[in-house]
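Asker: One file is attached below, protein_5.pdb, containing PDB, C-alpha atoms and all ligand atoms.
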```
ATOM      1  CA  MET Z   1     -15.175  -8.654  -3.490
ATOM      2  CA  LYS Z   2     -17.217 -10.886  -5.770
ATOM      3  CA  GLU Z   3     -18.227  -8.292  -8.367
ATOM      4  CA  SER Z   4     -14.611  -7.404  -9.119
ATOM      5  CA  LYS Z   5     -13.562 -10.974 -10.032
ATOM      6  CA  LEU Z   6     -12.668 -11.218 -13.688
ATOM      7  CA  LYS Z   7     -11.526 -14.768 -14.214
ATOM      8  CA  LYS Z   8     -10.941 -17.971 -12.280
ATOM      9  CA  VAL Z   9      -8.782 -21.049 -12.453
ATOM     10  CA  LYS Z  10      -8.331 -24.049 -10.164
ATOM     11  CA  VAL Z  11      -4.933 -25.725 -10.026
ATOM     12  CA  SER Z  12      -3.609 -28.669  -8.037
ATOM     13  CA  ALA Z  13      -0.091 -29.890  -7.274
ATOM     14  CA  PRO Z  14       0.981 -33.179  -5.668
ATOM     15  CA  GLY Z  15       2.932 -33.875  -2.527
ATOM     16  CA  LYS Z  16       6.148 -35.886  -2.751
ATOM     17  CA  LEU Z  17       8.177 -38.620  -1.194
ATOM     18  CA  MET Z  18      11.943 -38.858  -1.332
ATOM     19  CA  LEU Z  19      13.057 -42.330  -2.380
ATOM     20  CA  PHE Z  20      16.865 -42.082  -2.457
ATOM     21  CA  GLY Z  21      19.576 -39.469  -2.006
ATOM     22  CA  GLU Z  22      18.291 -37.096   0.694
ATOM     23  CA  HIS Z  23      20.794 -34.710   2.269
ATOM     24  CA  ALA Z  24      23.506 -35.399  -0.348
ATOM     25  CA  VAL Z  25      21.185 -33.711  -2.870
ATOM     26  CA  VAL Z  26      21.501 -30.441  -0.908
ATOM     27  CA  TYR Z  27      25.198 -30.495  -1.886
ATOM     28  CA  GLY Z  28      24.618 -31.021  -5.592
ATOM     29  CA  TYR Z  29      24.310 -34.818  -5.729
ATOM     30  CA  PRO Z  30      21.363 -36.627  -7.343
ATOM     31  CA  CYS Z  31      18.227 -37.975  -5.701
ATOM     32  CA  ILE Z  32      15.093 -39.832  -6.773
ATOM     33  CA  ALA Z  33      11.661 -38.698  -5.626
ATOM     34  CA  THR Z  34       8.096 -39.595  -6.494
ATOM     35  CA  ALA Z  35       4.870 -37.578  -6.515
ATOM     36  CA  VAL Z  36       2.011 -38.827  -4.312
ATOM     37  CA  ASP Z  37      -1.711 -38.703  -4.997
ATOM     38  CA  GLN Z  38      -2.311 -36.313  -2.090
ATOM     39  CA  ARG Z  39      -2.703 -32.844  -3.531
ATOM     40  CA  ILE Z  40      -2.978 -29.174  -2.655
ATOM     41  CA  TYR Z  41      -5.696 -27.265  -4.547
ATOM     42  CA  VAL Z  42      -5.564 -23.534  -5.217
ATOM     43  CA  GLU Z  43      -8.494 -21.693  -6.741
ATOM     44  CA  LEU Z  44      -7.379 -18.339  -8.103
ATOM     45  CA  ALA Z  45      -9.676 -15.492  -9.065
ATOM     46  CA  LYS Z  46      -8.611 -12.204 -10.584
ATOM     47  CA  LEU Z  47      -9.435  -9.041  -8.654
ATOM     48  CA  ARG Z  48      -9.639  -5.521 -10.039
ATOM     49  CA  GLU Z  49      -7.885  -4.116  -6.971
ATOM     50  CA  SER Z  50      -4.144  -4.508  -6.514
ATOM     51  CA  LEU Z  51      -4.636  -6.984  -3.681
ATOM     52  CA  MET Z  52      -3.762 -10.536  -2.677
ATOM     53  CA  ILE Z  53      -6.459 -12.237  -0.595
ATOM     54  CA  VAL Z  54      -5.831 -15.714   0.835
ATOM     55  CA  ASN Z  55      -8.273 -18.180   2.384
ATOM     56  CA  SER Z  56      -7.166 -21.498   3.829
ATOM     57  CA  GLU Z  57      -9.074 -23.278   6.555
ATOM     58  CA  SER Z  58      -6.208 -25.614   7.480
ATOM     59  CA  GLU Z  59      -3.802 -22.681   7.788
ATOM     60  CA  GLU Z  60      -6.417 -20.572   9.607
ATOM     61  CA  LEU Z  61      -6.336 -17.847   6.977
ATOM     62  CA  ASP Z  62      -9.648 -16.099   6.623
ATOM     63  CA  ASN Z  63      -9.541 -13.339   3.997
ATOM     64  CA  TYR Z  64      -5.905 -12.563   4.752
ATOM     65  CA  ALA Z  65      -5.400  -9.506   2.532
ATOM     66  CA  LYS Z  66      -2.385  -7.479   1.473
ATOM     67  CA  ASP Z  67      -1.702  -4.839  -1.146
ATOM     68  CA  LEU Z  68       0.534  -6.254  -3.890
ATOM     69  CA  THR Z  69       3.109  -3.526  -3.233
ATOM     70  CA  GLU Z  70       3.369  -4.711   0.399
ATOM     71  CA  LEU Z  71       3.971  -8.429  -0.259
ATOM     72  CA  GLY Z  72       6.790  -9.870   1.821
ATOM     73  CA  LYS Z  73       6.799  -6.837   4.102
ATOM     74  CA  GLY Z  74       5.731  -6.711   7.772
ATOM     75  CA  GLU Z  75       4.159  -9.592   9.698
ATOM     76  CA  VAL Z  76       3.246 -12.578   7.555
ATOM     77  CA  PRO Z  77       1.226 -15.386   9.207
ATOM     78  CA  LYS Z  78       3.136 -18.710   9.127
ATOM     79  CA  GLY Z  79       0.511 -20.369   6.930
ATOM     80  CA  ALA Z  80       0.744 -17.597   4.309
ATOM     81  CA  ARG Z  81       4.521 -17.316   3.969
ATOM     82  CA  PHE Z  82       5.023 -19.505   0.896
ATOM     83  CA  VAL Z  83       1.874 -18.258  -0.839
ATOM     84  CA  GLU Z  84       2.740 -14.610  -0.301
ATOM     85  CA  MET Z  85       6.349 -15.041  -1.424
ATOM     86  CA  ALA Z  86       5.241 -17.075  -4.454
ATOM     87  CA  VAL Z  87       2.848 -14.308  -5.537
ATOM     88  CA  LYS Z  88       5.519 -11.668  -4.894
ATOM     89  CA  ASN Z  89       8.173 -13.540  -6.913
ATOM     90  CA  TYR Z  90       5.797 -14.256  -9.775
ATOM     91  CA  ILE Z  91       4.535 -10.699 -10.162
ATOM     92  CA  SER Z  92       7.957  -9.145  -9.806
ATOM     93  CA  LYS Z  93       8.969 -11.196 -12.857
ATOM     94  CA  TYR Z  94       5.658 -11.086 -14.707
ATOM     95  CA  PRO Z  95       3.543  -8.105 -13.535
ATOM     96  CA  ILE Z  96      -0.190  -8.744 -13.480
ATOM     97  CA  LYS Z  97      -3.122  -6.364 -13.898
ATOM     98  CA  GLY Z  98      -5.201  -5.990 -10.717
ATOM     99  CA  GLY Z  99      -4.880  -8.553  -7.951
ATOM    100  CA  VAL Z 100      -5.702 -12.127  -7.060
ATOM    101  CA  GLU Z 101      -7.794 -14.049  -4.552
ATOM    102  CA  LEU Z 102      -6.556 -17.510  -3.594
ATOM    103  CA  ASN Z 103      -8.622 -20.223  -1.920
ATOM    104  CA  ILE Z 104      -6.508 -23.138  -0.750
ATOM    105  CA  THR Z 105      -7.568 -26.655   0.244
ATOM    106  CA  ALA Z 106      -5.557 -29.821   0.825
ATOM    107  CA  ASP Z 107      -6.006 -33.594   0.632
ATOM    108  CA  PHE Z 108      -3.375 -34.106   3.309
ATOM    109  CA  SER Z 109      -2.128 -32.795   6.605
ATOM    110  CA  SER Z 110       0.992 -30.631   6.437
ATOM    111  CA  GLN Z 111       2.295 -32.837   9.306
ATOM    112  CA  PHE Z 112       3.189 -35.794   7.062
ATOM    113  CA  GLY Z 113       6.153 -34.091   5.445
ATOM    114  CA  PHE Z 114       4.630 -34.656   2.004
ATOM    115  CA  GLY Z 115       5.745 -31.192   0.959
ATOM    116  CA  SER Z 116       2.663 -29.053   1.385
ATOM    117  CA  SER Z 117       4.770 -25.859   1.162
ATOM    118  CA  SER Z 118       6.347 -26.830  -2.147
ATOM    119  CA  ALA Z 119       3.029 -28.059  -3.552
ATOM    120  CA  VAL Z 120       1.228 -24.834  -2.632
ATOM    121  CA  THR Z 121       4.080 -22.738  -4.062
ATOM    122  CA  VAL Z 122       3.922 -24.619  -7.347
ATOM    123  CA  ALA Z 123       0.125 -24.455  -7.554
ATOM    124  CA  VAL Z 124       0.097 -20.696  -6.881
ATOM    125  CA  VAL Z 125       2.747 -19.878  -9.482
ATOM    126  CA  TYR Z 126       1.207 -22.206 -12.077
ATOM    127  CA  GLY Z 127      -2.216 -20.685 -11.440
ATOM    128  CA  LEU Z 128      -0.951 -17.119 -11.749
ATOM    129  CA  ALA Z 129       0.683 -17.924 -15.074
ATOM    130  CA  ARG Z 130      -2.516 -19.533 -16.305
ATOM    131  CA  LEU Z 131      -4.635 -16.585 -15.147
ATOM    132  CA  SER Z 132      -2.434 -14.119 -16.974
ATOM    133  CA  GLY Z 133      -2.140 -16.279 -20.080
ATOM    134  CA  LYS Z 134       1.622 -16.689 -19.671
ATOM    135  CA  LYS Z 135       3.216 -19.835 -21.109
ATOM    136  CA  LEU Z 136       6.253 -20.900 -19.114
ATOM    137  CA  SER Z 137       8.445 -23.978 -19.357
ATOM    138  CA  ASN Z 138       8.726 -26.376 -16.416
ATOM    139  CA  LYS Z 139      12.224 -25.025 -15.776
ATOM    140  CA  GLU Z 140      10.917 -21.436 -15.661
ATOM    141  CA  PHE Z 141       8.279 -22.528 -13.147
ATOM    142  CA  PHE Z 142      10.963 -24.351 -11.212
ATOM    143  CA  ASP Z 143      13.203 -21.271 -10.993
ATOM    144  CA  ILE Z 144      10.458 -19.003  -9.582
ATOM    145  CA  CYS Z 145       9.270 -21.644  -7.116
ATOM    146  CA  PHE Z 146      12.762 -22.661  -6.000
ATOM    147  CA  LYS Z 147      13.633 -19.000  -5.399
ATOM    148  CA  THR Z 148      10.483 -18.785  -3.251
ATOM    149  CA  VAL Z 149      11.577 -21.745  -1.116
ATOM    150  CA  LEU Z 150      15.071 -20.313  -0.698
ATOM    151  CA  ASP Z 151      13.644 -16.873   0.176
ATOM    152  CA  ILE Z 152      11.630 -18.453   2.976
ATOM    153  CA  GLN Z 153      13.786 -21.252   4.347
ATOM    154  CA  GLY Z 154      17.227 -20.257   3.112
ATOM    155  CA  LYS Z 155      18.250 -23.775   2.089
ATOM    156  CA  GLY Z 156      17.091 -26.900   0.306
ATOM    157  CA  SER Z 157      17.786 -28.720  -2.943
ATOM    158  CA  GLY Z 158      14.512 -27.902  -4.746
ATOM    159  CA  TYR Z 159      13.676 -31.588  -5.317
ATOM    160  CA  ASP Z 160      10.223 -31.153  -3.787
ATOM    161  CA  ILE Z 161       9.436 -28.291  -6.185
ATOM    162  CA  ALA Z 162      10.613 -30.306  -9.183
ATOM    163  CA  THR Z 163       8.518 -33.299  -8.122
ATOM    164  CA  ALA Z 164       5.403 -31.142  -7.692
ATOM    165  CA  ILE Z 165       5.885 -29.662 -11.192
ATOM    166  CA  TRP Z 166       7.008 -32.698 -13.185
ATOM    167  CA  GLY Z 167       5.097 -35.311 -11.190
ATOM    168  CA  LYS Z 168       5.640 -39.085 -11.653
ATOM    169  CA  THR Z 169       9.076 -40.199 -10.470
ATOM    170  CA  VAL Z 170      12.034 -37.932 -11.069
ATOM    171  CA  TYR Z 171      15.812 -38.064 -11.005
ATOM    172  CA  PHE Z 172      16.885 -34.693  -9.724
ATOM    173  CA  VAL Z 173      20.313 -33.151  -9.256
ATOM    174  CA  GLY Z 174      20.627 -30.574  -6.454
ATOM    175  CA  GLY Z 175      19.508 -27.068  -7.428
ATOM    176  CA  GLY Z 176      17.799 -28.378 -10.559
ATOM    177  CA  LYS Z 177      20.959 -28.958 -12.605
ATOM    178  CA  LYS Z 178      19.299 -32.081 -14.045
ATOM    179  CA  ILE Z 179      15.635 -33.027 -13.864
ATOM    180  CA  ARG Z 180      14.361 -36.045 -15.746
ATOM    181  CA  TYR Z 181      11.768 -38.753 -15.410
ATOM    182  CA  VAL Z 182      12.629 -42.227 -14.165
ATOM    183  CA  PRO Z 183      10.308 -44.456 -16.207
ATOM    184  CA  VAL Z 184       8.989 -46.714 -13.443
ATOM    185  CA  SER Z 185       6.152 -49.122 -14.076
ATOM    186  CA  LYS Z 186       5.730 -50.256 -10.444
ATOM    187  CA  LEU Z 187       6.713 -48.906  -7.071
ATOM    188  CA  PRO Z 188       5.806 -51.509  -4.432
ATOM    189  CA  MET Z 189       6.337 -49.201  -1.464
ATOM    190  CA  GLU Z 190       4.335 -48.708   1.702
ATOM    191  CA  ILE Z 191       4.595 -45.508   3.683
ATOM    192  CA  CYS Z 192       4.664 -45.255   7.451
ATOM    193  CA  TYR Z 193       4.271 -41.920   9.242
ATOM    194  CA  THR Z 194       6.198 -41.658  12.508
ATOM    195  CA  GLY Z 195       3.661 -39.259  14.002
ATOM    196  CA  ARG Z 196       6.377 -36.698  14.422
ATOM    197  CA  LYS Z 197       6.827 -33.669  12.161
ATOM    198  CA  ALA Z 198      10.477 -33.118  11.303
ATOM    199  CA  ASP Z 199      12.027 -29.719  10.752
ATOM    200  CA  THR Z 200      13.940 -29.938   7.484
ATOM    201  CA  VAL Z 201      16.149 -26.903   8.036
ATOM    202  CA  THR Z 202      17.239 -28.101  11.506
ATOM    203  CA  LEU Z 203      18.216 -31.477  10.043
ATOM    204  CA  ILE Z 204      20.029 -29.919   7.061
ATOM    205  CA  ASP Z 205      21.953 -27.822   9.594
ATOM    206  CA  LYS Z 206      22.739 -30.886  11.684
ATOM    207  CA  VAL Z 207      24.249 -32.649   8.662
ATOM    208  CA  GLY Z 208      26.025 -29.414   7.667
ATOM    209  CA  LYS Z 209      27.675 -29.267  11.084
ATOM    210  CA  LEU Z 210      28.913 -32.833  10.785
ATOM    211  CA  LYS Z 211      30.168 -32.054   7.285
ATOM    212  CA  ASN Z 212      32.166 -29.120   8.646
ATOM    213  CA  SER Z 213      33.856 -31.151  11.335
ATOM    214  CA  GLN Z 214      34.261 -34.383   9.310
ATOM    215  CA  LYS Z 215      34.667 -32.968   5.820
ATOM    216  CA  GLU Z 216      36.393 -35.896   4.147
ATOM    217  CA  LEU Z 217      34.252 -38.623   5.677
ATOM    218  CA  VAL Z 218      30.970 -36.845   5.013
ATOM    219  CA  ASN Z 219      32.029 -35.989   1.465
ATOM    220  CA  ASP Z 220      32.802 -39.670   0.901
ATOM    221  CA  ILE Z 221      29.321 -40.544   2.172
ATOM    222  CA  PHE Z 222      27.753 -38.032  -0.235
ATOM    223  CA  VAL Z 223      29.757 -39.416  -3.165
ATOM    224  CA  SER Z 224      28.601 -42.946  -2.275
ATOM    225  CA  ILE Z 225      25.005 -41.793  -1.954
ATOM    226  CA  GLY Z 226      25.295 -40.234  -5.409
ATOM    227  CA  LYS Z 227      26.538 -43.559  -6.800
ATOM    228  CA  LEU Z 228      23.777 -45.564  -5.155
ATOM    229  CA  VAL Z 229      21.138 -43.176  -6.516
ATOM    230  CA  ASP Z 230      22.352 -43.913 -10.051
ATOM    231  CA  LYS Z 231      22.212 -47.648  -9.374
ATOM    232  CA  ALA Z 232      18.760 -47.294  -7.797
ATOM    233  CA  CYS Z 233      17.557 -45.621 -10.965
ATOM    234  CA  GLN Z 234      18.528 -48.686 -13.005
ATOM    235  CA  ALA Z 235      17.026 -51.082 -10.455
ATOM    236  CA  LEU Z 236      13.746 -49.128 -10.481
ATOM    237  CA  ILE Z 237      13.539 -49.176 -14.265
ATOM    238  CA  LYS Z 238      14.179 -52.946 -14.315
ATOM    239  CA  ASN Z 239      11.836 -53.709 -11.369
ATOM    240  CA  ASP Z 240      14.850 -55.359  -9.756
ATOM    241  CA  TRP Z 241      13.561 -55.379  -6.173
ATOM    242  CA  THR Z 242      16.409 -57.444  -4.736
ATOM    243  CA  ARG Z 243      18.921 -54.897  -5.962
ATOM    244  CA  LEU Z 244      16.700 -51.988  -4.903
ATOM    245  CA  ALA Z 245      16.389 -53.454  -1.389
ATOM    246  CA  GLU Z 246      20.174 -53.630  -1.071
ATOM    247  CA  LEU Z 247      20.469 -50.017  -2.150
ATOM    248  CA  MET Z 248      17.755 -48.904   0.286
ATOM    249  CA  GLN Z 249      19.553 -50.684   3.101
ATOM    250  CA  ILE Z 250      22.852 -49.004   2.224
ATOM    251  CA  ASN Z 251      21.196 -45.587   1.854
ATOM    252  CA  GLU Z 252      19.568 -45.996   5.278
ATOM    253  CA  GLY Z 253      22.950 -46.884   6.763
ATOM    254  CA  TYR Z 254      24.439 -43.658   5.406
ATOM    255  CA  LEU Z 255      21.533 -41.616   6.756
ATOM    256  CA  GLU Z 256      22.095 -43.157  10.185
ATOM    257  CA  ALA Z 257      25.773 -42.271   9.849
ATOM    258  CA  LEU Z 258      24.777 -38.677   9.069
ATOM    259  CA  GLY Z 259      22.852 -38.634  12.358
ATOM    260  CA  VAL Z 260      19.303 -38.127  11.106
ATOM    261  CA  GLY Z 261      17.835 -41.394  12.412
ATOM    262  CA  THR Z 262      15.788 -41.771  15.581
ATOM    263  CA  LYS Z 263      15.132 -44.698  17.893
ATOM    264  CA  GLN Z 264      11.546 -44.894  16.649
ATOM    265  CA  ILE Z 265      12.672 -44.945  13.018
ATOM    266  CA  SER Z 266      15.075 -47.821  13.818
ATOM    267  CA  ASN Z 267      12.230 -49.683  15.526
ATOM    268  CA  LEU Z 268       9.888 -49.157  12.565
ATOM    269  CA  ILE Z 269      12.569 -50.355  10.174
ATOM    270  CA  SER Z 270      13.220 -53.466  12.321
ATOM    271  CA  VAL Z 271       9.497 -54.201  12.400
ATOM    272  CA  SER Z 272       9.438 -53.958   8.597
ATOM    273  CA  TYR Z 273      12.184 -56.551   8.208
ATOM    274  CA  GLU Z 274      10.532 -58.796  10.822
ATOM    275  CA  ASN Z 275       7.350 -58.662   8.728
ATOM    276  CA  LYS Z 276       9.130 -59.748   5.553
ATOM    277  CA  ALA Z 277       9.513 -56.380   3.904
ATOM    278  CA  LEU Z 278      12.489 -56.326   1.540
ATOM    279  CA  ALA Z 279      13.888 -53.081   2.957
ATOM    280  CA  ALA Z 280      12.934 -49.831   4.654
ATOM    281  CA  LYS Z 281      14.497 -46.412   4.975
ATOM    282  CA  ILE Z 282      13.947 -42.834   6.028
ATOM    283  CA  SER Z 283      12.219 -40.732   3.392
ATOM    284  CA  GLY Z 284      13.285 -37.087   3.514
ATOM    285  CA  ALA Z 285      15.139 -35.174   6.160
ATOM    286  CA  GLY Z 286      14.846 -37.802   8.921
ATOM    287  CA  GLY Z 287      14.119 -37.048  12.567
ATOM    288  CA  GLY Z 288      10.465 -38.033  12.043
ATOM    289  CA  ASP Z 289       8.092 -37.644   9.063
ATOM    290  CA  CYS Z 290       7.832 -40.871   7.055
ATOM    291  CA  ILE Z 291       9.728 -44.036   6.280
ATOM    292  CA  ILE Z 292       9.282 -45.952   3.049
ATOM    293  CA  ILE Z 293       9.062 -49.713   3.016
ATOM    294  CA  LEU Z 294       9.790 -51.870  -0.011
ATOM    295  CA  ASN Z 295       7.301 -54.700   0.104
ATOM    296  CA  THR Z 296       6.370 -56.971  -2.782
ATOM    297  CA  GLY Z 297       4.400 -59.438  -0.642
ATOM    298  CA  LYS Z 298       1.198 -59.197   1.389
ATOM    299  CA  LYS Z 299       0.282 -55.788   2.833
ATOM    300  CA  LEU Z 300       2.116 -55.164   6.088
ATOM    301  CA  PRO Z 301       0.082 -55.507   9.319
ATOM    302  CA  LYS Z 302      -0.831 -51.999  10.478
ATOM    303  CA  GLU Z 303      -1.024 -53.017  14.164
ATOM    304  CA  VAL Z 304       2.660 -53.858  14.499
ATOM    305  CA  TYR Z 305       3.524 -50.355  13.291
ATOM    306  CA  LEU Z 306       0.952 -48.817  15.621
ATOM    307  CA  LYS Z 307       2.718 -50.535  18.533
ATOM    308  CA  GLN Z 308       5.723 -48.405  17.572
ATOM    309  CA  LYS Z 309       3.496 -45.335  17.112
ATOM    310  CA  GLY Z 310       3.822 -45.568  13.331
ATOM    311  CA  VAL Z 311       0.844 -45.145  11.031
ATOM    312  CA  ILE Z 312       0.728 -46.820   7.626
ATOM    313  CA  ILE Z 313      -0.641 -44.207   5.229
ATOM    314  CA  ASP Z 314      -2.545 -45.189   2.158
ATOM    315  CA  VAL Z 315      -1.076 -43.150  -0.688
ATOM    316  CA  LYS Z 316      -0.359 -43.877  -4.321
ATOM    317  CA  THR Z 317       3.008 -42.923  -5.744
ATOM    318  CA  ASN Z 318       4.081 -41.897  -9.268
ATOM    319  CA  ALA Z 319       1.193 -39.389  -9.343
ATOM    320  CA  GLU Z 320       0.557 -36.641 -11.877
ATOM    321  CA  GLY Z 321       2.391 -33.315 -11.543
ATOM    322  CA  VAL Z 322       0.820 -29.857 -11.356
ATOM    323  CA  ARG Z 323      -2.365 -29.623 -13.402
ATOM    324  CA  ILE Z 324      -5.363 -27.458 -14.139
ATOM    325  CA  GLU Z 325      -8.472 -28.798 -12.391
ATOM    326  CA  SER Z 326     -10.983 -26.384 -13.924
TER     327      SER Z 326
HETATM  328  O1  LIG Z 401      11.538 -34.290   4.334
HETATM  329  P1  LIG Z 401      11.865 -33.254   3.372
HETATM  330  O2  LIG Z 401      11.037 -33.149   2.213
HETATM  331  O3  LIG Z 401      12.033 -31.961   4.031
HETATM  332  O4  LIG Z 401      13.212 -33.767   2.744
HETATM  333  C1  LIG Z 401      14.350 -33.119   2.874
HETATM  334  C2  LIG Z 401      15.373 -33.708   1.975
HETATM  335  C3  LIG Z 401      16.665 -32.962   2.129
HETATM  336  O5  LIG Z 401      17.552 -33.526   1.187
HETATM  337  C4  LIG Z 401      17.240 -33.155   3.508
HETATM  338  C5  LIG Z 401      16.482 -31.473   1.878
HETATM  339  C6  LIG Z 401      16.314 -31.084   0.434
HETATM  340  O6  LIG Z 401      15.835 -29.965   0.212
HETATM  341  O7  LIG Z 401      16.659 -31.835  -0.467
END
```
How does the structure come out when it is put into structure tokens?
Answerer:
Amino acid sequence: MKESKLKKVKVSAPGKLMLFGEHAVVYGYPCIATAVDQRIYVELAKLRESLMIVNSESEELDNYAKDLTELGKGEVPKGARFVEMAVKNYISKYPIKGGVELNITADFSSQFGFGSSSAVTVAVVYGLARLSGKKLSNKEFFDICFKTVLDIQGKGSGYDIATAIWGKTVYFVGGGKKIRYVPVSKLPMEICYTGRKADTVTLIDKVGKLKNSQKELVNDIFVSIGKLVDKACQALIKNDWTRLAELMQINEGYLEALGVGTKQISNLISVSYENKALAAKISGAGGGDCIIILNTGKKLPKEVYLKQKGVIIDVKTNAEGVRIES
């Protein structure tokens, strides 16, 4: 294939962590999320042939090839679903000449719930635009990428896509109705992985079921979550950790009420308080993945989390959004 490559670009996009507002954001309320310094890298090379070729060791894709006219049709390996749909959605809006080869690598395991699918979607679309010399606004990128996520998983707020594009820390209203930066100077959070991968769609459905049978109560919870997200924004800007801790505690209580907690998550949160953290909560859909811990003191002892099968992960928050690497 090498001789037919015309041009190359390498793009990377960050993973994300939800800070406040999960689940309510699916119903049009706001949330706050931050980009993490764990990234997905996509190297794109133009091909003369009308083909998409994907390589990704972690997703066990070795020269997975498809004609551009066949994208989205037939069997698609699990690890190629977002990439293939992203290419399909991009080229149906902005046709390209020839095809594209994509080589994908990652800093992080897709198990952590850091949003590898959204990061890869963003990196692919950004790279395709760059390869074809197309200048798009962040919102235009968002629309193509969000459509890709909805095409694959049918539901979701799009916050992970927005965070991968904008980077830093963002205030996001469900569906992308509002996306703006939260100017944070510090984010004294530690992250603990539960060791268990959560299935976002299953948990969204679980909350949806509760919302159907307890409409008024669940709506009230969503409204309150929306209010606490706005307050959390102010507390973050002012580095008001006491206030932020209160809001984290309340947000966690609502998530428990929505039924997305687990015994292990409760144990990890208790351990955090016992070790003088200011607060801790689920980050994301719940049911596993990660918890975030607000801690302005000494680093938390990793062993006490390990006793509860939790692993403290060393990641930096407020990281840069999608970017060209070379
Ligand atoms: O853990 P994640 O990234 O799948 O977080 C899901 C957050 C939800 O609000 C439950 C879903 C969404 O798309 O916003």
Asker: For each of Z:Phe112, Z:Phe146, Z:Tyr171, Z:Trp166, take the minimum atom-to-atom distance to Ile312 in chain Z, counting only C-alpha atoms, then give the residue where this is smallest.
Answerer: Z:Phe112
Asker: Let me make sure I understand: among Z:Ser283, Z:Ser117, Z:Ser224, Z:Asn267, which one has the smallest atom-to-atom distance to ligand LIG 401 (chain Z) if we use all atoms listed in the file?
Answerer: Z:Ser283
Asker: Once the PyMOL selection byres (((not hetatm)) within 8 of (chain Z and resi 401)) has been evaluated on this model, what residues remain selected, and can you format them as a PDB file with C-alpha atoms, keeping the file's coordinate frame?
Answerer:
```
ATOM      1  CA  LYS Z  16       6.148 -35.886  -2.751  1.00  0.00           C
ATOM      2  CA  LEU Z  17       8.177 -38.620  -1.194  1.00  0.00           C
ATOM      3  CA  MET Z  18      11.943 -38.858  -1.332  1.00  0.00           C
ATOM      4  CA  GLY Z  21      19.576 -39.469  -2.006  1.00  0.00           C
ATOM      5  CA  GLU Z  22      18.291 -37.096   0.694  1.00  0.00           C
ATOM      6  CA  HIS Z  23      20.794 -34.710   2.269  1.00  0.00           C
ATOM      7  CA  ALA Z  24      23.506 -35.399  -0.348  1.00  0.00           C
ATOM      8  CA  VAL Z  25      21.185 -33.711  -2.870  1.00  0.00           C
ATOM      9  CA  VAL Z  26      21.501 -30.441  -0.908  1.00  0.00           C
ATOM     10  CA  GLY Z 113       6.153 -34.091   5.445  1.00  0.00           C
ATOM     11  CA  PHE Z 114       4.630 -34.656   2.004  1.00  0.00           C
ATOM     12  CA  GLY Z 115       5.745 -31.192   0.959  1.00  0.00           C
ATOM     13  CA  LYS Z 155      18.250 -23.775   2.089  1.00  0.00           C
ATOM     14  CA  GLY Z 156      17.091 -26.900   0.306  1.00  0.00           C
ATOM     15  CA  SER Z 157      17.786 -28.720  -2.943  1.00  0.00           C
ATOM     16  CA  GLY Z 158      14.512 -27.902  -4.746  1.00  0.00           C
ATOM     17  CA  TYR Z 159      13.676 -31.588  -5.317  1.00  0.00           C
ATOM     18  CA  ASP Z 160      10.223 -31.153  -3.787  1.00  0.00           C
ATOM     19  CA  GLY Z 174      20.627 -30.574  -6.454  1.00  0.00           C
ATOM     20  CA  ALA Z 198      10.477 -33.118  11.303  1.00  0.00           C
ATOM     21  CA  ASP Z 199      12.027 -29.719  10.752  1.00  0.00           C
ATOM     22  CA  THR Z 200      13.940 -29.938   7.484  1.00  0.00           C
ATOM     23  CA  VAL Z 201      16.149 -26.903   8.036  1.00  0.00           C
ATOM     24  CA  LEU Z 203      18.216 -31.477  10.043  1.00  0.00           C
ATOM     25  CA  ILE Z 204      20.029 -29.919   7.061  1.00  0.00           C
ATOM     26  CA  SER Z 283      12.219 -40.732   3.392  1.00  0.00           C
ATOM     27  CA  GLY Z 284      13.285 -37.087   3.514  1.00  0.00           C
ATOM     28  CA  ALA Z 285      15.139 -35.174   6.160  1.00  0.00           C
ATOM     29  CA  GLY Z 286      14.846 -37.802   8.921  1.00  0.00           C
ATOM     30  CA  ASP Z 289       8.092 -37.644   9.063  1.00  0.00           C
TER      31      ASP Z 289
END
```
Asker: Give me the result of the PyMOL selection byres (((chain Z and resi 306) around 12) and not hetatm) on this file, residue by residue, as number ranges by chain.
Answerer: Z: 192-195, 264, 267-268, 271, 300-305, 307-313
Asker: Report, in Å to a single decimal, how far apart CA of Glu43 in chain Z and CA of Gly79 in chain Z are.
Answerer: 16.4 Å
Asker: Mind giving me the straight-line distance from CA of Lys206 in chain Z to CA of Lys78 in chain Z in Å, one decimal?
Answerer: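 Here the two named atoms are 23.2 Å from each other.
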Asker: When you draw a straight line from CA of Gln153 in chain Z to CA of Val120 in chain Z, how long is it in Å?
Answerer: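 Taking CA of Gln153 in chain Z as the start and CA of Val120 in chain Z as the end point, the length is 14.8 Å.
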Asker: Quick one: apply the PyMOL selection byres (((chain Z and resi 172) around 8) and not hetatm) to the file and drop the selected residues here as a list in words.
Answerer: Pro30, Cys31, Ile32, Ala33, Tyr159, Ala162, Val170, Tyr171, Val173, Gly174, Gly176, Lys177, Lys178, Ile179 and Arg180 of chain Z
Asker: So for range 149-168 of chain Z, what box centre and size do we get, axis-aligned, 6 Å extra on each of the six sides, every listed atom, Å to one decimal, as AutoDock Vina command-line options?
Answerer:
```
--center_x 11.7 --center_y -28.0 --center_z -4.4 --size_x 25.2 --size_y 34.2 --size_z 29.5
```
Asker: Counting only C-alpha atoms, figure out which residue out of Z:Leu294, Z:Tyr126, Z:Asp62, Z:Gly253 gets nearest to Val322 in chain Z.
Answerer: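 The answer is Z:Tyr126, which sits nearest to Val322 in chain Z.
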Asker: Give the answer as one residue: which of Z:Thr262, Z:Thr105, Z:Asn212, Z:Asn239 has the shortest atom-to-atom distance to Leu44 in chain Z, using only C-alpha atoms?
Answerer: Z:Thr105
Asker: For Val260 in chain Z, which residue out of Z:Ile221, Z:Gly288, Z:Pro77, Z:Leu136 is the nearest one, using all atoms listed in the file?
Answerer: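 Of Z:Ile221, Z:Gly288, Z:Pro77, Z:Leu136, the one nearest Val260 in chain Z is Z:Gly288, counting all atoms listed in the file.
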